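Quick notes on the structure that follows.
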Amino acid sequence: MAPFQRKSKASQTGERAHEADHPSSLLAVFGPDKPLRLDCGIDLAPFQIPYQAYGHLNADRSNAILICHALTGDQHVANVHPVTGKPGWWDTMIGPGKAFDTDRYYVICSNCIGSCYGSTGPSSLDPQTGKPYGLRFPVVTVRDMVNVQRHLMDHLGIEKLLCVTGGSMGGMQALQW
(Lines give C-alpha, C1' and ligand atoms only; values in the text may rest on other atoms or scores of the structure.)
Protein backbone atom coordinates (compact mmCIF):
# COMPACT_ATOMS: atom_id res chain seq x y z
CA MET A 1 0.00 0.00 0.00
CA ALA A 2 1.41 3.43 -0.95
CA PRO A 3 2.30 5.73 1.96
CA PHE A 4 -0.53 8.16 1.11
CA GLN A 5 -3.14 5.37 1.17
CA ARG A 6 -4.20 4.34 4.62
CA LYS A 7 -7.17 2.30 5.75
CA SER A 8 -9.25 3.90 8.47
CA LYS A 9 -9.33 2.26 11.87
CA ALA A 10 -12.99 1.43 11.27
CA SER A 11 -12.31 -0.45 8.05
CA GLN A 12 -9.35 -2.24 9.64
CA THR A 13 -11.36 -3.52 12.59
CA GLY A 14 -14.69 -4.12 10.91
CA GLU A 15 -16.38 -1.46 13.07
CA ARG A 16 -18.14 0.03 10.06
CA ALA A 17 -19.86 -3.26 9.20
CA HIS A 18 -20.72 -3.86 12.83
CA GLU A 19 -22.28 -0.40 13.17
CA ALA A 20 -24.42 -0.99 10.07
CA ASP A 21 -25.86 -4.27 11.37
CA HIS A 22 -25.75 -3.73 15.14
CA PRO A 23 -25.69 -0.01 15.87
CA SER A 24 -24.29 1.26 19.14
CA SER A 25 -27.19 3.72 19.30
CA LEU A 26 -30.50 3.24 21.05
CA LEU A 27 -32.63 1.03 18.84
CA ALA A 28 -36.36 0.80 18.18
CA VAL A 29 -37.41 -2.47 16.58
CA PHE A 30 -40.85 -2.86 15.01
CA GLY A 31 -42.11 -6.37 14.33
CA PRO A 32 -44.49 -7.77 11.75
CA ASP A 33 -47.42 -6.47 13.82
CA LYS A 34 -46.33 -2.84 13.20
CA PRO A 35 -45.45 -2.61 9.50
CA LEU A 36 -44.35 0.61 7.87
CA ARG A 37 -46.61 1.37 4.89
CA LEU A 38 -44.31 2.99 2.33
CA ASP A 39 -45.52 5.46 -0.30
CA CYS A 40 -44.62 2.87 -2.95
CA GLY A 41 -47.39 0.64 -1.54
CA ILE A 42 -45.16 -1.90 0.20
CA ASP A 43 -45.47 -2.81 3.87
CA LEU A 44 -41.98 -3.01 5.38
CA ALA A 45 -41.78 -5.29 8.40
CA PRO A 46 -39.94 -5.99 10.51
CA PHE A 47 -37.77 -2.88 10.56
CA GLN A 48 -35.45 -1.11 12.96
CA ILE A 49 -34.45 2.49 13.53
CA PRO A 50 -31.45 3.57 15.60
CA TYR A 51 -31.61 6.89 17.40
CA GLN A 52 -29.76 9.06 19.88
CA ALA A 53 -31.39 10.99 22.70
CA TYR A 54 -29.95 13.76 24.84
CA GLY A 55 -31.38 15.35 27.99
CA HIS A 56 -34.39 14.06 29.91
CA LEU A 57 -38.02 13.69 28.91
CA ASN A 58 -40.18 15.53 31.44
CA ALA A 59 -43.11 13.91 33.24
CA ASP A 60 -45.78 15.18 30.84
CA ARG A 61 -43.57 14.39 27.80
CA SER A 62 -43.88 17.95 26.49
CA ASN A 63 -40.22 18.90 26.04
CA ALA A 64 -39.26 16.64 23.10
CA ILE A 65 -37.42 18.12 20.12
CA LEU A 66 -36.75 16.10 16.97
CA ILE A 67 -33.64 16.86 14.94
CA CYS A 68 -33.74 15.50 11.36
CA HIS A 69 -30.46 14.80 9.60
CA ALA A 70 -29.27 15.67 6.12
CA LEU A 71 -28.67 13.08 3.40
CA THR A 72 -25.07 12.46 4.48
CA GLY A 73 -25.82 12.64 8.22
CA ASP A 74 -26.94 10.10 10.77
CA GLN A 75 -28.27 9.86 14.29
CA HIS A 76 -24.96 10.91 15.88
CA VAL A 77 -25.93 14.56 16.08
CA ALA A 78 -24.24 15.49 19.39
CA ASN A 79 -22.05 12.57 20.38
CA VAL A 80 -18.76 11.17 19.18
CA HIS A 81 -19.39 8.98 16.14
CA PRO A 82 -18.57 5.35 17.01
CA VAL A 83 -16.91 4.67 13.66
CA THR A 84 -15.15 7.90 12.71
CA GLY A 85 -14.38 9.23 16.20
CA LYS A 86 -15.50 12.69 15.06
CA PRO A 87 -17.81 14.92 17.11
CA GLY A 88 -21.51 14.97 16.25
CA TRP A 89 -22.48 16.93 13.16
CA TRP A 90 -24.51 19.49 15.19
CA ASP A 91 -22.49 19.26 18.40
CA THR A 92 -22.22 23.05 18.57
CA MET A 93 -26.04 23.34 18.73
CA ILE A 94 -27.01 20.62 21.22
CA GLY A 95 -26.07 20.40 24.88
CA PRO A 96 -26.33 22.25 28.19
CA GLY A 97 -26.66 25.99 27.59
CA LYS A 98 -26.66 25.62 23.80
CA ALA A 99 -29.47 26.44 21.34
CA PHE A 100 -31.07 23.04 22.00
CA ASP A 101 -30.42 23.06 25.73
CA THR A 102 -30.40 19.50 27.03
CA ASP A 103 -30.94 20.79 30.57
CA ARG A 104 -34.42 21.87 29.36
CA TYR A 105 -35.23 19.69 26.36
CA TYR A 106 -35.22 16.04 25.39
CA VAL A 107 -33.51 16.04 21.99
CA ILE A 108 -33.94 13.06 19.67
CA CYS A 109 -32.29 12.30 16.33
CA SER A 110 -33.19 9.11 14.50
CA ASN A 111 -31.48 7.59 11.53
CA CYS A 112 -33.41 7.51 8.25
CA ILE A 113 -34.89 4.30 6.93
CA GLY A 114 -32.69 2.83 4.20
CA SER A 115 -29.47 4.19 5.69
CA CYS A 116 -26.33 2.15 6.24
CA TYR A 117 -25.99 3.34 9.87
CA GLY A 118 -28.20 0.76 11.55
CA SER A 119 -31.62 1.33 9.97
CA THR A 120 -33.30 -1.34 7.92
CA GLY A 121 -32.00 -0.82 4.41
CA PRO A 122 -30.50 -2.51 1.36
CA SER A 123 -27.89 -4.40 3.42
CA SER A 124 -30.55 -5.77 5.80
CA LEU A 125 -31.86 -9.29 5.41
CA ASP A 126 -35.15 -9.58 3.56
CA PRO A 127 -37.27 -11.84 5.78
CA GLN A 128 -38.88 -13.40 2.70
CA THR A 129 -35.60 -14.53 1.12
CA GLY A 130 -33.10 -14.59 4.00
CA LYS A 131 -30.72 -12.61 1.78
CA PRO A 132 -29.85 -8.90 1.81
CA TYR A 133 -32.46 -6.72 0.10
CA GLY A 134 -29.84 -5.11 -2.12
CA LEU A 135 -31.50 -3.48 -5.12
CA ARG A 136 -34.85 -5.00 -4.12
CA PHE A 137 -35.07 -2.59 -1.16
CA PRO A 138 -38.10 -0.38 -1.81
CA VAL A 139 -37.77 3.27 -2.75
CA VAL A 140 -38.37 5.54 0.26
CA THR A 141 -39.65 9.10 0.30
CA VAL A 142 -39.30 11.96 2.75
CA ARG A 143 -42.84 11.18 3.90
CA ASP A 144 -41.75 7.59 4.60
CA MET A 145 -38.88 8.94 6.72
CA VAL A 146 -41.33 11.04 8.73
CA ASN A 147 -43.67 8.06 9.15
CA VAL A 148 -40.75 6.15 10.67
CA GLN A 149 -40.16 9.06 13.05
CA ARG A 150 -43.87 8.94 13.97
CA HIS A 151 -43.50 5.22 14.73
CA LEU A 152 -40.54 6.10 16.95
CA MET A 153 -42.43 8.87 18.78
CA ASP A 154 -45.30 6.44 19.44
CA HIS A 155 -42.75 3.89 20.69
CA LEU A 156 -41.34 6.54 23.08
CA GLY A 157 -44.81 7.62 24.23
CA ILE A 158 -44.42 11.14 22.83
CA GLU A 159 -47.73 12.45 21.48
CA LYS A 160 -46.59 15.95 20.54
CA LEU A 161 -43.21 17.42 19.63
CA LEU A 162 -42.19 20.84 20.90
CA CYS A 163 -40.07 21.43 17.79
CA VAL A 164 -38.89 19.65 14.64
CA THR A 165 -35.85 20.99 12.81
CA GLY A 166 -33.06 20.00 10.47
CA GLY A 167 -31.02 21.13 7.50
CA SER A 168 -31.09 20.02 3.87
CA MET A 169 -32.98 16.72 3.67
CA GLY A 170 -33.68 17.15 7.40
CA GLY A 171 -35.37 20.45 6.58
CA MET A 172 -37.59 18.63 4.07
CA GLN A 173 -38.54 16.17 6.81
CA ALA A 174 -39.33 19.08 9.18
CA LEU A 175 -41.59 20.59 6.52
CA GLN A 176 -43.31 17.23 6.05
CA TRP A 177 -44.05 17.13 9.78
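Naming scheme: A, B, ... for chains in displayed order of the C-alpha coordinates; residues 1 onward per chain; ligands 1 onward as shown.
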
Next item on the list: Show which residues sit within 9 Å of segment 109-123 of chain A, as number ranges by chain. Count only C-alpha atoms, and ignore same-chain residues fewer than 6 positions away.
Entry: A: 16-25, 27, 46-54, 65-69, 71, 73-77, 131-140, 144-146, 148-149, 152

Margin query: Restricting the calculation to only C-alpha atoms: of A:Val29, A:Ala99, A:Met93, A:Val107, which residue gets closest to His56 of chain A?
Written below: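 When distances to His56 of chain A are compared using only C-alpha atoms, the smallest one comes from A:Val107.
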
Checklist line | Pick from A:Pro35, A:Val80, A:Asn63, A:Ile42, whichever lies nearest to Glu159 of chain A using only C-alpha atoms | finding: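 When distances to Glu159 of chain A are compared using only C-alpha atoms, the smallest one comes from A:Asn63.
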
Check: So which residues touch Thr92 of chain A within 12 Å, counting only C-alpha atoms, skipping near sequence neighbours fewer than 6 positions away, as number ranges by chain?
Finding: A: 77-79, 98-101

Notebook entry, point to check: In terms of the shortest atom-to-atom distance over only C-alpha atoms, which of A:Gly171, A:Pro87, A:Gly97, A:Gly166 is closest to Gly55 of chain A?
Noted result: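 Looking at the shortest contact to Gly55 of chain A, the residue is A:Gly97.
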
Margin query: Which residue is closest to Ala70 of chain A? Choose from A:Leu175, A:Lys160, A:Gly167, A:Gly130 and count only C-alpha atoms.
Written below: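 Among the listed residues, the smallest separation from Ala70 of chain A belongs to A:Gly167.
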
Next item on the list: Apply DSSP to the backbone of this structure and, from chain A, keep only the residues in helix (DSSP H, G or I); write these as a PyMOL selection string.
Entry: chain A and resi 9-13+15-21+134-136+142-156+169-176

Checklist line | Spatial neighbours of Asn58 of chain A, max dist 12 Å, only C-alpha atoms, sep filter under 6 positions, as a PyMOL selection string | finding: chain A and resi 64-65+102-107+157-158+162

Margin query: Write out as a PyMOL selection string the set of residues from chain A that DSSP, computed on the backbone, places in strand (DSSP E or B).
Written below: chain A and resi 26-30+36-37+43-44+47-54+64-68+94+100+106-110+125+132+163-166

Next item on the list: Identify which of the residues A:Gln173, A:Asn147, A:Gln128, A:Thr72 lies closest to Ala45 of chain A, counting only C-alpha atoms when measuring atom-to-atom distances.
Entry: A:Gln128

Margin query: What's the separation between atom CA of Leu57 of chain A and atom CA of Arg150 of chain A, in Å to one decimal place?
Written below: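 Here the two named atoms are 16.7 Å from each other.
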